[in-house]
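Engineer: Here you go, this is my_file.tsv (TSV, C-alpha atoms).
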```tsv
chain	number	residue	atom	x	y	z
L	19	MET	CA	71.56	110.82	103.70
L	20	THR	CA	73.77	108.83	101.39
L	21	GLN	CA	75.81	106.19	103.16
L	22	GLN	CA	79.46	106.96	103.48
L	23	ARG	CA	81.16	103.94	101.92
L	24	ASP	CA	84.54	104.38	103.56
L	25	TYR	CA	85.32	100.70	102.95
L	26	GLU	CA	85.78	101.54	99.26
L	27	SER	CA	89.27	102.74	100.26
L	28	ILE	CA	90.29	99.13	101.02
L	29	PRO	CA	92.22	97.62	98.10
L	30	GLY	CA	91.19	94.38	96.35
L	31	THR	CA	87.91	94.13	98.24
L	32	TYR	CA	84.33	94.05	96.94
L	33	VAL	CA	81.95	94.65	99.85
L	34	TYR	CA	78.53	93.20	99.04
L	35	ASP	CA	76.49	96.29	99.81
L	36	SER	CA	73.27	97.63	98.31
L	37	VAL	CA	75.06	98.93	95.20
L	38	ARG	CA	76.51	95.51	94.36
L	39	GLY	CA	73.37	93.79	95.63
L	40	ARG	CA	71.23	95.55	93.06
L	41	ILE	CA	73.59	94.60	90.24
L	42	GLY	CA	74.26	91.07	91.39
L	43	TYR	CA	70.92	89.72	92.58
L	44	HIS	CA	70.13	87.47	89.60
L	45	LEU	CA	73.72	86.28	89.25
L	46	ASN	CA	73.77	85.24	92.90
L	47	MET	CA	70.33	83.63	92.72
L	48	PHE	CA	71.58	81.50	89.82
L	49	CYS	CA	74.42	80.39	92.11
L	50	MET	CA	71.90	79.67	94.88
L	51	SER	CA	70.08	77.25	92.58
L	52	LEU	CA	73.24	75.07	92.62
L	53	ASN	CA	72.45	74.03	96.20
L	54	LYS	CA	70.25	71.34	94.61
L	55	ALA	CA	72.03	68.26	93.25
L	56	GLU	CA	69.68	67.99	90.25
L	57	ASN	CA	70.42	71.60	89.27
L	58	ARG	CA	74.14	71.02	89.56
L	59	ALA	CA	73.78	68.11	87.15
L	60	LYS	CA	71.77	70.22	84.69
L	61	PHE	CA	74.24	73.10	84.86
L	62	LYS	CA	77.18	70.78	84.26
L	63	ALA	CA	75.42	69.06	81.36
L	64	ASP	CA	74.52	72.25	79.48
L	65	PRO	CA	75.73	75.46	81.14
L	66	GLU	CA	74.51	77.79	78.37
L	67	LYS	CA	71.00	76.39	78.43
L	68	TYR	CA	70.88	76.34	82.21
L	69	LEU	CA	71.84	80.03	82.37
L	70	ASP	CA	69.04	80.96	79.97
L	71	ALA	CA	66.61	80.55	82.87
L	72	PHE	CA	68.26	83.44	84.77
L	73	LYS	CA	68.29	87.15	84.01
L	74	LEU	CA	72.05	87.57	83.74
L	75	THR	CA	73.71	90.44	81.91
L	76	ALA	CA	76.02	89.55	79.03
L	77	GLU	CA	79.07	90.26	81.19
L	78	GLN	CA	77.74	88.18	84.10
L	79	ARG	CA	77.11	85.31	81.71
L	80	ARG	CA	80.59	85.61	80.23
L	81	ALA	CA	82.22	85.70	83.68
L	82	VAL	CA	80.33	82.57	84.80
L	83	LEU	CA	81.10	80.58	81.66
L	84	ALA	CA	84.77	81.68	81.72
L	85	ARG	CA	85.02	81.02	85.48
L	86	ASP	CA	86.36	84.54	85.83
L	87	TRP	CA	86.08	84.62	89.63
L	88	LEU	CA	87.30	88.19	90.01
L	89	GLY	CA	85.16	89.30	87.08
L	90	MET	CA	82.08	87.88	88.81
L	91	LEU	CA	82.77	90.02	91.89
L	92	LYS	CA	83.05	93.10	89.70
L	93	VAL	CA	79.55	92.53	88.29
L	94	GLY	CA	77.84	91.98	91.63
L	95	GLY	CA	78.83	88.44	92.54
L	96	ASN	CA	78.94	87.61	96.24
L	97	ILE	CA	81.69	85.15	97.12
L	98	TYR	CA	79.40	82.98	99.30
L	99	TYR	CA	77.26	82.51	96.19
L	100	THR	CA	79.84	82.35	93.38
L	101	ILE	CA	81.79	79.74	95.37
L	102	LYS	CA	78.93	77.33	94.63
L	103	ILE	CA	80.02	77.33	90.96
L	104	ALA	CA	83.50	76.42	92.16
L	105	PHE	CA	82.11	73.57	94.30
L	106	CYS	CA	80.37	72.34	91.13
L	107	ASP	CA	83.79	72.25	89.45
L	108	GLY	CA	85.38	70.43	92.40
L	109	LEU	CA	87.39	73.48	93.47
L	110	THR	CA	87.91	74.70	97.03
L	111	PHE	CA	87.74	78.16	98.59
L	112	GLN	CA	91.51	78.21	98.66
L	113	ASP	CA	91.78	77.36	94.93
L	114	VAL	CA	89.47	80.26	94.08
L	115	ALA	CA	91.17	82.65	96.51
L	116	GLY	CA	94.48	81.96	94.78
L	117	MET	CA	92.97	82.62	91.35
L	118	MET	CA	91.35	85.87	92.50
L	119	SER	CA	94.60	87.15	93.92
L	120	GLY	CA	96.37	86.25	90.67
L	121	VAL	CA	98.98	83.80	91.90
L	122	PRO	CA	99.54	80.07	91.33
L	123	LYS	CA	97.81	77.74	93.77
L	124	GLU	CA	101.13	76.70	95.34
L	125	THR	CA	102.25	80.30	95.88
L	126	TYR	CA	98.95	81.13	97.59
L	127	ALA	CA	99.11	78.01	99.78
L	128	GLU	CA	102.68	78.90	100.81
L	129	MET	CA	101.60	82.44	101.70
L	130	MET	CA	98.86	81.06	103.95
L	131	LEU	CA	101.24	78.58	105.62
L	132	ALA	CA	103.62	81.45	106.28
L	133	GLY	CA	100.90	83.33	108.19
L	134	GLY	CA	98.73	84.79	105.43
L	135	ARG	CA	98.73	88.08	103.56
L	136	SER	CA	100.04	90.86	105.76
L	137	PRO	CA	97.71	93.80	106.44
L	138	ARG	CA	100.72	96.08	105.97
L	139	GLY	CA	100.47	97.76	102.59
L	140	ASN	CA	96.97	96.33	102.12
L	141	ARG	CA	94.91	98.68	104.26
L	142	TYR	CA	94.30	101.64	101.94
L	143	LYS	CA	94.35	101.89	98.14
L	144	ASP	CA	96.43	105.06	98.32
L	145	ARG	CA	98.63	104.24	101.33
L	146	PRO	CA	100.84	101.24	100.49
L	147	ASP	CA	103.27	102.44	103.18
L	148	ILE	CA	101.04	101.47	106.14
G	13	MET	CA	65.98	79.17	136.65
G	14	ALA	CA	68.08	78.67	133.54
G	15	ARG	CA	71.50	80.28	133.45
G	16	ILE	CA	74.30	80.84	131.00
G	17	ILE	CA	77.40	79.22	132.43
G	18	ALA	CA	79.86	80.03	129.68
G	19	GLY	CA	80.53	81.41	126.25
G	20	ILE	CA	82.58	79.80	123.51
G	21	GLY	CA	84.03	81.83	120.67
G	22	THR	CA	85.06	79.75	117.67
G	23	SER	CA	85.72	80.01	113.95
G	24	HIS	CA	83.43	77.98	111.71
G	25	VAL	CA	85.62	77.46	108.62
G	26	PRO	CA	83.97	74.92	106.25
G	27	ALA	CA	87.31	73.24	105.49
G	28	ILE	CA	87.60	72.30	109.19
G	29	GLY	CA	84.36	70.33	108.83
G	30	VAL	CA	85.60	68.71	105.64
G	31	ALA	CA	88.85	67.72	107.39
G	32	MET	CA	86.85	65.98	110.13
G	33	ASP	CA	84.39	64.36	107.71
G	34	LYS	CA	87.23	62.97	105.59
G	35	GLY	CA	89.37	61.81	108.51
G	36	LEU	CA	92.23	64.23	107.85
G	37	THR	CA	92.58	65.72	111.34
G	38	ALA	CA	95.87	63.94	112.11
G	39	THR	CA	97.60	65.08	108.90
G	40	PRO	CA	100.52	67.51	109.34
G	41	TYR	CA	98.42	70.35	107.93
G	42	TRP	CA	95.49	69.93	110.33
G	43	ASP	CA	97.05	68.34	113.40
G	44	PRO	CA	98.20	71.59	115.10
G	45	LEU	CA	94.70	73.03	114.80
G	46	PHE	CA	92.85	69.95	116.01
G	47	LYS	CA	95.20	69.38	118.96
G	48	GLY	CA	94.15	72.82	120.09
G	49	TYR	CA	90.49	71.83	120.31
G	50	GLY	CA	91.16	69.08	122.87
G	51	PRO	CA	91.03	71.13	126.08
G	52	ALA	CA	87.88	72.98	124.94
G	53	ARG	CA	86.19	69.63	124.25
G	54	ASP	CA	87.24	68.36	127.67
G	55	TRP	CA	85.89	71.49	129.32
G	56	LEU	CA	82.55	71.13	127.54
G	57	ALA	CA	82.26	67.40	128.29
G	58	GLY	CA	83.02	68.12	131.94
G	59	HIS	CA	80.39	70.84	132.27
G	60	LYS	CA	77.60	68.98	130.44
G	61	PRO	CA	75.39	71.85	129.31
G	62	ASP	CA	71.68	71.10	128.92
G	63	VAL	CA	71.34	73.30	125.87
G	64	ALA	CA	73.52	75.43	123.60
G	65	ILE	CA	72.61	78.65	121.85
G	66	ILE	CA	74.74	78.88	118.69
G	67	VAL	CA	75.09	82.34	117.16
G	68	TYR	CA	76.18	81.91	113.55
G	69	ASN	CA	75.49	83.06	110.05
G	70	ASP	CA	73.85	81.18	107.25
G	71	HIS	CA	75.98	81.11	104.07
G	72	ALA	CA	73.41	81.04	101.26
G	73	SER	CA	72.02	77.74	102.53
G	74	ALA	CA	68.72	78.18	104.38
G	75	PHE	CA	68.35	81.76	103.18
G	76	SER	CA	69.23	83.38	99.91
G	77	LEU	CA	69.19	87.04	98.94
G	78	GLU	CA	65.43	86.64	98.46
G	79	LEU	CA	64.91	87.17	102.18
G	80	ILE	CA	67.59	88.42	104.56
G	81	PRO	CA	66.78	88.25	108.28
G	82	THR	CA	69.16	90.38	110.36
G	83	PHE	CA	68.48	88.36	113.54
G	84	LEU	CA	66.67	85.03	113.50
G	85	ILE	CA	65.93	82.34	116.08
G	86	GLY	CA	65.16	78.70	115.25
G	87	VAL	CA	62.31	77.21	117.29
G	88	ALA	CA	61.96	73.82	115.59
G	89	ASP	CA	62.24	70.35	117.17
G	90	GLU	CA	65.06	69.61	114.79
G	91	PHE	CA	67.12	71.18	112.04
G	92	PRO	CA	68.28	69.14	109.04
G	93	ILE	CA	71.81	69.50	107.63
G	94	ALA	CA	71.93	71.78	104.58
G	95	ASP	CA	73.31	70.96	101.13
G	96	GLU	CA	75.61	73.93	100.54
G	97	GLY	CA	76.54	72.90	97.03
G	98	PHE	CA	78.54	69.73	97.65
G	99	GLY	CA	76.03	67.54	99.50
G	100	PRO	CA	75.11	67.75	103.21
G	101	ARG	CA	77.83	67.11	105.82
G	102	PRO	CA	77.61	63.57	107.24
G	103	VAL	CA	76.80	64.74	110.77
G	104	PRO	CA	73.79	64.10	113.02
G	105	VAL	CA	70.61	66.12	112.64
G	106	VAL	CA	70.59	69.01	115.10
G	107	LYS	CA	67.87	68.72	117.75
G	108	GLY	CA	66.31	71.95	118.91
G	109	HIS	CA	64.93	73.11	122.25
G	110	PRO	CA	61.55	74.56	121.25
G	111	GLU	CA	60.42	75.42	124.80
G	112	LEU	CA	63.42	77.63	125.58
G	113	ALA	CA	63.62	78.90	122.00
G	114	TRP	CA	60.00	80.08	121.98
G	115	HIS	CA	60.45	81.61	125.41
G	116	MET	CA	63.50	83.47	124.10
G	117	ALA	CA	61.66	84.62	120.98
G	118	GLU	CA	58.82	86.07	123.06
G	119	SER	CA	61.13	87.63	125.61
G	120	LEU	CA	63.44	89.15	122.99
G	121	ILE	CA	60.64	90.62	120.90
G	122	LEU	CA	58.90	92.11	123.95
G	123	ASN	CA	62.29	93.56	124.93
G	124	GLU	CA	62.50	95.31	121.56
G	125	PHE	CA	64.64	92.85	119.62
G	126	ASP	CA	62.53	92.14	116.55
G	127	MET	CA	63.53	88.56	115.85
G	128	THR	CA	62.53	86.56	112.80
G	129	ILE	CA	61.22	83.17	113.89
G	130	ALA	CA	62.09	80.01	111.93
G	131	ASN	CA	59.93	76.89	112.29
G	132	GLU	CA	61.76	75.10	109.50
G	133	MET	CA	65.37	75.66	108.58
G	134	PRO	CA	68.34	73.59	107.46
G	135	VAL	CA	71.62	74.48	109.19
G	136	ASP	CA	74.96	74.80	107.43
G	137	HIS	CA	78.64	74.68	108.38
G	138	GLY	CA	78.29	77.93	110.32
G	139	LEU	CA	76.47	75.96	113.00
G	140	THR	CA	77.71	72.40	112.48
G	141	VAL	CA	81.45	73.11	112.42
G	142	PRO	CA	81.36	74.71	115.90
G	143	LEU	CA	79.50	71.60	117.13
G	144	SER	CA	82.01	69.31	115.46
G	145	VAL	CA	85.10	71.02	116.85
G	146	THR	CA	83.72	71.11	120.39
G	147	CYS	CA	81.90	67.74	120.48
G	148	GLY	CA	83.85	65.55	118.06
G	149	GLN	CA	81.99	62.99	115.95
G	150	PRO	CA	79.25	61.47	118.13
G	151	GLN	CA	76.24	59.52	116.80
G	152	GLU	CA	74.03	62.23	118.27
G	153	TRP	CA	74.95	65.71	119.45
G	154	PRO	CA	75.25	65.74	123.26
G	155	PHE	CA	72.77	68.59	123.78
G	156	PRO	CA	69.91	70.34	121.99
G	157	VAL	CA	70.76	73.54	120.13
G	158	ILE	CA	68.99	76.84	119.59
G	159	PRO	CA	70.23	78.32	116.31
G	160	LEU	CA	70.49	82.11	116.29
G	161	CYS	CA	71.36	83.49	112.86
G	162	VAL	CA	72.88	86.88	112.18
G	163	ASN	CA	73.14	88.33	108.69
G	164	VAL	CA	76.76	89.05	107.79
G	165	VAL	CA	76.55	88.26	104.07
G	166	GLN	CA	74.63	91.30	102.81
G	167	TYR	CA	76.23	94.53	104.03
G	168	PRO	CA	75.55	95.94	106.53
G	169	PRO	CA	75.50	93.34	109.28
G	170	PRO	CA	74.07	94.57	112.58
G	171	THR	CA	76.62	96.61	114.52
G	172	GLY	CA	78.79	94.97	117.15
G	173	ALA	CA	77.17	97.19	119.77
G	174	ARG	CA	73.71	95.99	118.74
G	175	CYS	CA	74.93	92.40	118.86
G	176	PHE	CA	76.28	92.97	122.37
G	177	LYS	CA	72.89	94.34	123.48
G	178	LEU	CA	71.14	91.36	121.92
G	179	GLY	CA	73.42	89.19	124.04
G	180	ARG	CA	72.28	91.02	127.16
G	181	ALA	CA	68.65	90.51	126.17
G	182	ILE	CA	69.35	86.81	125.59
G	183	ARG	CA	70.79	86.59	129.09
G	184	ASN	CA	67.61	88.14	130.53
G	185	ALA	CA	65.48	85.78	128.47
G	186	VAL	CA	67.38	82.70	129.61
G	187	GLU	CA	67.35	83.76	133.26
G	188	SER	CA	63.58	84.24	133.16
G	189	PHE	CA	63.02	80.64	132.04
G	190	ASP	CA	61.69	78.54	134.92
G	191	GLU	CA	63.43	75.26	134.32
G	192	ASP	CA	66.91	74.74	135.82
G	193	LEU	CA	69.05	74.53	132.72
G	194	LYS	CA	72.75	75.01	132.18
G	195	VAL	CA	73.17	76.94	128.96
G	196	VAL	CA	76.30	77.54	126.89
G	197	ILE	CA	76.33	80.21	124.19
G	198	TYR	CA	78.58	80.07	121.13
G	199	GLY	CA	79.69	83.10	119.14
G	200	THR	CA	81.07	81.88	115.83
G	201	GLY	CA	82.85	83.06	112.68
G	202	GLY	CA	86.14	84.83	112.07
G	203	MET	CA	88.79	85.42	113.04
G	204	SER	CA	90.69	87.45	110.46
G	205	HIS	CA	90.10	86.25	106.92
G	206	GLN	CA	89.29	87.48	103.46
G	207	LEU	CA	87.85	85.07	100.91
G	208	GLN	CA	87.37	87.46	98.02
G	209	GLY	CA	89.17	89.80	95.67
G	210	GLU	CA	92.84	90.45	95.03
G	211	ARG	CA	93.37	90.84	98.77
G	212	ALA	CA	92.18	87.28	99.59
G	213	GLY	CA	94.21	85.58	102.28
G	214	LEU	CA	94.60	88.56	104.60
G	215	ILE	CA	95.40	87.52	108.18
G	216	ASN	CA	96.03	89.88	111.10
G	217	ARG	CA	97.36	88.07	114.14
G	218	GLU	CA	97.85	91.29	116.06
G	219	PHE	CA	94.21	92.32	115.57
G	220	ASP	CA	92.95	88.86	116.49
G	221	THR	CA	95.06	88.65	119.64
G	222	ALA	CA	93.86	92.06	120.83
G	223	PHE	CA	90.26	91.03	120.08
G	224	LEU	CA	90.60	87.85	122.16
G	225	ASN	CA	92.20	89.80	125.02
G	226	ARG	CA	89.56	92.50	125.04
G	227	LEU	CA	86.69	90.00	125.22
G	228	THR	CA	87.66	89.69	128.87
G	229	SER	CA	89.20	93.07	129.67
G	230	ASP	CA	87.18	95.56	127.66
G	231	PRO	CA	84.19	93.93	125.94
G	232	GLN	CA	81.84	96.89	125.65
G	233	ALA	CA	84.35	99.22	124.02
G	234	LEU	CA	85.40	96.32	121.78
G	235	SER	CA	81.81	95.90	120.62
G	236	ARG	CA	81.80	99.48	119.29
G	237	LEU	CA	84.42	98.77	116.62
G	238	PRO	CA	83.04	99.98	113.25
G	239	HIS	CA	82.48	97.53	110.40
G	240	THR	CA	85.07	99.20	108.17
G	241	GLU	CA	87.72	98.64	110.83
G	242	TYR	CA	87.01	94.88	110.83
G	243	MET	CA	87.08	94.77	107.04
G	244	ARG	CA	90.26	96.82	106.73
G	245	GLU	CA	92.17	95.18	109.58
G	246	ALA	CA	90.74	91.65	109.73
G	247	GLY	CA	89.62	91.11	106.12
G	248	SER	CA	86.22	91.56	104.52
G	249	GLU	CA	84.91	88.34	106.05
G	250	GLY	CA	86.49	89.18	109.42
G	251	VAL	CA	83.37	91.25	110.04
G	252	GLU	CA	81.77	87.94	111.13
G	253	LEU	CA	83.36	88.69	114.49
G	254	VAL	CA	80.35	90.87	115.34
G	255	MET	CA	78.65	87.58	116.22
G	256	TRP	CA	81.09	87.04	119.08
G	257	HIS	CA	79.64	90.15	120.75
G	258	VAL	CA	76.26	88.43	121.07
G	259	MET	CA	78.01	85.68	123.01
G	260	ARG	CA	80.01	88.12	125.11
G	261	GLY	CA	76.99	90.31	125.85
G	262	ALA	CA	75.14	87.26	127.15
G	263	LEU	CA	77.77	86.63	129.83
G	264	GLY	CA	77.50	89.69	132.04
G	265	ASP	CA	80.38	91.87	133.23
G	266	HIS	CA	82.70	89.34	134.81
G	267	VAL	CA	84.16	86.42	132.95
G	268	ARG	CA	87.18	84.20	133.36
G	269	GLU	CA	89.04	83.01	130.31
G	270	VAL	CA	89.67	79.32	130.84
G	271	TYR	CA	91.11	78.38	127.46
G	272	ARG	CA	92.19	79.75	124.11
G	273	HIS	CA	93.87	78.40	121.02
G	274	TYR	CA	94.79	80.31	117.86
G	275	HIS	CA	96.10	78.82	114.65
G	276	VAL	CA	96.95	80.02	111.14
G	277	PRO	CA	96.01	78.80	108.61
G	278	ALA	CA	92.76	76.87	108.40
G	279	SER	CA	92.41	77.15	104.63
G	280	ASN	CA	92.16	80.97	104.22
G	281	THR	CA	91.40	81.77	107.83
G	282	ALA	CA	92.87	82.41	111.27
G	283	ALA	CA	91.03	79.87	113.42
G	284	ALA	CA	90.54	80.43	117.14
G	285	ILE	CA	88.66	78.95	120.02
G	286	ILE	CA	88.15	80.63	123.39
G	287	VAL	CA	86.20	79.49	126.44
G	288	LEU	CA	84.91	82.16	128.83
G	289	GLU	CA	83.25	81.10	132.07
G	290	ASN	CA	80.52	83.42	133.27
G	291	ARG	CA	81.41	84.76	136.71
G	292	SER	CA	78.64	87.35	136.88
G	293	ALA	CA	75.98	86.77	139.51
G	294	ALA	CA	72.60	86.02	137.99
```
Represent the structure of the file as C-alpha cells.
Structural biologist:
Amino acid sequence: MTQQRDYESIPGTYVYDSVRGRIGYHLNMFCMSLNKAENRAKFKADPEKYLDAFKLTAEQRRAVLARDWLGMLKVGGNIYYTIKIAFCDGLTFQDVAGMMSGVPKETYAEMMLAGGRSPRGNRYKDRPDI
Amino acid sequence: MARIIAGIGTSHVPAIGVAMDKGLTATPYWDPLFKGYGPARDWLAGHKPDVAIIVYNDHASAFSLELIPTFLIGVADEFPIADEGFGPRPVPVVKGHPELAWHMAESLILNEFDMTIANEMPVDHGLTVPLSVTCGQPQEWPFPVIPLCVNVVQYPPPTGARCFKLGRAIRNAVESFDEDLKVVIYGTGGMSHQLQGERAGLINREFDTAFLNRLTSDPQALSRLPHTEYMREAGSEGVELVMWHVMRGALGDHVREVYRHYHVPASNTAAAIIVLENRSAA
C-alpha cells in the first residue's frame, strides 16, 4: 500500500520522508561532514572543490553555493543537516528561518517576540480561512 | 528495587544551551524563560535522583542518515559532548549507568522492544540542554544518565502510542532492577515549533497548553494523536513531542503535576518545562 501523505496539505512545509530522503541523501551527508572542524575549514577555503567529493545534483550544488535555504529543502535538504552550512557561515537557526519565510531578520524576530506565526490560515494549503 | 519517582517534560532548544554557555541568561530576552526553570531545578535538587533516563533525539550528531535507529539505548560508562557544527558545548562529559542501562536493554528487548544498543556515542544538545536547564552549570552532572534516543528526524518517527508503550516497558524494566535507585525520566523536545520552510516560526499556544494538561488528565488518548496533527497544529518539528509519551508512559496511571512553565519564544520555539510526580503504586 502506498503511504497516504496527508501532511502534503500543510503549506510551506517539507516533511523529510522517504521521497525527500531518496533525493536528498548525498546533499545531507555533505552537510554531515561539516561536523568536523577540519572539514569546515576546507569547505570555507574552497567550497567548489570541497563539494566535488559529494554526489550532488547540479541544482543541489547551486543551492548550497548560493545559500538558497529554501531551495535546498526543495531538493531533499533536511533542515537539521542544512543548518550546519549556516553554522559554518556564523548564522543561527533564527537567521535561516527568517530567510526561508522570506522576511527581513528583524520582522521575523518581531513575529517570534509577539508569539510566533499563528496556525490560523497556515493549516491547509487550500483553506486559508481556518 | 529501583523506581521511577517522576517525569520531566522539557524543550531542548539549542539556543537555550548557547544562552547558558555565553552567560546571557539574565538578558531581557532570556530572563523570563530562565526564571521559569528555577522551581524545577529546586525540585530536582531536593529529590536527588540516583539516575536519570533522558529520552531525546540526536540531531545529525552521533547518527547521520547512514544509519537511523528508531529507538536506541546508550550503555556506555560515559558519553562525550558532540560537535554539532560549531564546536562541542562547554559542559561536563555525561556519565552513564551501564548496569541499569544493560538491564533495561535486556528487559526491553525480551519484552518485544527491539532496541539498538550504543556502546559509544557522543550526545548533542537534545540531551545536554535538558541537563543544563534542570541542573545549572555544575563541574560534574549530579547524577549518571541513560540516554534513550528516538528518531524524529527521518519521517516517520515512531507513533506516540508506541512511545507510550515503550515508556511502560521502561517502567517494568526499572522496577525489576534489584538495587534501590530513585530514577527520574525526561521526555524532551517540542513544544510547538517549525524550523523549516515558508511556515517557519509557527507557534500554537492553545495546542501546547492542551498537551500539557492532558499529560495528567488523559495521557493515553493524547498518545494516539497522529503525526500529521502534530505537524499541522504544532509545526513540523513539533512532532518531537512524541518523545514526551515515553516519559509519560513510564509513570503509570496516576501522576501529580508539581510544576510547569511555558514561554514563547526561545529562538523559534515554544519552550516548556513540566514536572510530574509519579503517584502510581509500584
Engineer: Could you give me the centre and size, in Å to one decimal, of an axis-aligned box around all listed atoms of range 76-80 of chain G with 5 Å added on every side, as lines of an AutoDock Vina configuration file?
Structural biologist:
```
center_x = 67.1
center_y = 85.9
center_z = 101.5
size_x = 14.3
size_y = 15.0
size_z = 16.1
```
Engineer: Using all atoms listed in the file, which residues of chain G come within 10 Å of chain L, and what is the closest atom pair for each, with the distance in Å to one decimal? Give it as CSV, sorted by chain and residue number.
Structural biologist:
```
residue,atom,partner,partner_atom,distance
G:Pro26,CA,L:Phe111,CA,9.1
G:Ala27,CA,L:Phe111,CA,8.5
G:Tyr41,CA,L:Leu131,CA,9.0
G:Asp70,CA,L:Tyr98,CA,9.9
G:His71,CA,L:Tyr98,CA,6.2
G:Ala72,CA,L:Tyr99,CA,6.5
G:Ser73,CA,L:Asn53,CA,7.3
G:Ala74,CA,L:Asn53,CA,9.9
G:Phe75,CA,L:Met50,CA,9.3
G:Ser76,CA,L:Met50,CA,6.8
G:Leu77,CA,L:Tyr43,CA,7.1
G:Glu78,CA,L:Met47,CA,8.1
G:Ala94,CA,L:Asn53,CA,8.7
G:Asp95,CA,L:Asn53,CA,5.9
G:Glu96,CA,L:Asn53,CA,5.4
G:Gly97,CA,L:Asn53,CA,4.3
G:Phe98,CA,L:Phe105,CA,6.2
G:Gly99,CA,L:Ala55,CA,7.5
G:Pro100,CA,L:Asn53,CA,9.8
G:Val164,CA,L:Tyr34,CA,9.8
G:Val165,CA,L:Tyr34,CA,7.3
G:Gln166,CA,L:Tyr34,CA,5.7
G:Tyr167,CA,L:Asp35,CA,4.6
G:Pro168,CA,L:Asp35,CA,6.8
G:Pro169,CA,L:Asp35,CA,10.0
G:Ser204,CA,L:Gly134,CA,9.8
G:His205,CA,L:Gly134,CA,8.9
G:Gln206,CA,L:Thr31,CA,8.6
G:Leu207,CA,L:Ala115,CA,6.0
G:Gln208,CA,L:Ile97,CA,6.2
G:Gly209,CA,L:Gly30,CA,5.1
G:Glu210,CA,L:Ser119,CA,3.9
G:Arg211,CA,L:Gly30,CA,4.8
G:Ala212,CA,L:Ala115,CA,5.7
G:Gly213,CA,L:Arg135,CA,5.3
G:Leu214,CA,L:Arg135,CA,4.3
G:Ile215,CA,L:Gly134,CA,5.1
G:Asn216,CA,L:Pro137,CA,6.3
G:Arg217,CA,L:Gly133,CA,8.4
G:Glu218,CA,L:Pro137,CA,9.9
G:Phe219,CA,L:Pro137,CA,9.9
G:His239,CA,L:Tyr25,CA,8.6
G:Thr240,CA,L:Tyr25,CA,5.4
G:Glu241,CA,L:Tyr25,CA,8.5
G:Tyr242,CA,L:Tyr25,CA,9.9
G:Met243,CA,L:Tyr25,CA,7.4
G:Arg244,CA,L:Arg141,CA,5.6
G:Glu245,CA,L:Pro137,CA,6.5
G:Ala246,CA,L:Pro137,CA,8.0
G:Gly247,CA,L:Pro137,CA,8.5
G:Ser248,CA,L:Thr31,CA,7.0
G:Glu249,CA,L:Val33,CA,9.3
G:His275,CA,L:Gly133,CA,9.2
G:Val276,CA,L:Gly133,CA,5.9
G:Pro277,CA,L:Met130,CA,5.9
G:Ala278,CA,L:Met130,CA,8.6
G:Ser279,CA,L:Gln112,CA,6.1
G:Asn280,CA,L:Gln112,CA,6.2
G:Thr281,CA,L:Gly134,CA,8.3
G:Ala282,CA,L:Gly134,CA,8.6
```
Engineer: Output C-alpha atoms for every residue in the selection just made, as a compact mmCIF listing (two decimals), in the frame of the given file.
Structural biologist:
```
# COMPACT_ATOMS: atom_id res chain seq x y z
CA PRO G 26 83.97 74.92 106.25
CA ALA G 27 87.31 73.24 105.49
CA TYR G 41 98.42 70.35 107.93
CA ASP G 70 73.85 81.18 107.25
CA HIS G 71 75.98 81.11 104.07
CA ALA G 72 73.41 81.04 101.26
CA SER G 73 72.02 77.74 102.53
CA ALA G 74 68.72 78.18 104.38
CA PHE G 75 68.35 81.76 103.18
CA SER G 76 69.23 83.38 99.91
CA LEU G 77 69.19 87.04 98.94
CA GLU G 78 65.43 86.64 98.46
CA ALA G 94 71.93 71.78 104.58
CA ASP G 95 73.31 70.96 101.13
CA GLU G 96 75.61 73.93 100.54
CA GLY G 97 76.54 72.90 97.03
CA PHE G 98 78.54 69.73 97.65
CA GLY G 99 76.03 67.54 99.50
CA PRO G 100 75.11 67.75 103.21
CA VAL G 164 76.76 89.05 107.79
CA VAL G 165 76.55 88.26 104.07
CA GLN G 166 74.63 91.30 102.81
CA TYR G 167 76.23 94.53 104.03
CA PRO G 168 75.55 95.94 106.53
CA PRO G 169 75.50 93.34 109.28
CA SER G 204 90.69 87.45 110.46
CA HIS G 205 90.10 86.25 106.92
CA GLN G 206 89.29 87.48 103.46
CA LEU G 207 87.85 85.07 100.91
CA GLN G 208 87.37 87.46 98.02
CA GLY G 209 89.17 89.80 95.67
CA GLU G 210 92.84 90.45 95.03
CA ARG G 211 93.37 90.84 98.77
CA ALA G 212 92.18 87.28 99.59
CA GLY G 213 94.21 85.58 102.28
CA LEU G 214 94.60 88.56 104.60
CA ILE G 215 95.40 87.52 108.18
CA ASN G 216 96.03 89.88 111.10
CA ARG G 217 97.36 88.07 114.14
CA GLU G 218 97.85 91.29 116.06
CA PHE G 219 94.21 92.32 115.57
CA HIS G 239 82.48 97.53 110.40
CA THR G 240 85.07 99.20 108.17
CA GLU G 241 87.72 98.64 110.83
CA TYR G 242 87.01 94.88 110.83
CA MET G 243 87.08 94.77 107.04
CA ARG G 244 90.26 96.82 106.73
CA GLU G 245 92.17 95.18 109.58
CA ALA G 246 90.74 91.65 109.73
CA GLY G 247 89.62 91.11 106.12
CA SER G 248 86.22 91.56 104.52
CA GLU G 249 84.91 88.34 106.05
CA HIS G 275 96.10 78.82 114.65
CA VAL G 276 96.95 80.02 111.14
CA PRO G 277 96.01 78.80 108.61
CA ALA G 278 92.76 76.87 108.40
CA SER G 279 92.41 77.15 104.63
CA ASN G 280 92.16 80.97 104.22
CA THR G 281 91.40 81.77 107.83
CA ALA G 282 92.87 82.41 111.27
```
Engineer: Enter the distance from CA of Asn131 in chain G to CA of Gly86 in chain G, in Å, rounded to one decimal.
Structural biologist: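 For CA of Asn131 in chain G relative to CA of Gly86 in chain G, the distance reads 6.3 Å.
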Engineer: Give the answer as one residue: which of L:Glu56, L:Pro146, L:Pro65, L:Leu45 has the shortest atom-to-atom distance to Glu77 in chain L, using only C-alpha atoms?
Structural biologist: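 Going through L:Glu56, L:Pro146, L:Pro65, L:Leu45 one by one, the smallest distance to Glu77 in chain L is for L:Leu45.
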Engineer: Work out how far apart CA of Ala14 in chain G and CA of Asn225 in chain G are and give it in Å to one decimal.
Structural biologist: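 Separation between CA of Ala14 in chain G and CA of Asn225 in chain G: 27.9 Å.
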Engineer: Point out the residue among G:His137, G:Arg15, G:Arg291, G:His257 with the least atom-to-atom distance to Val106 in chain G, counting all atoms listed in the file.
Structural biologist: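 Nearest to Val106 in chain G: G:His137.
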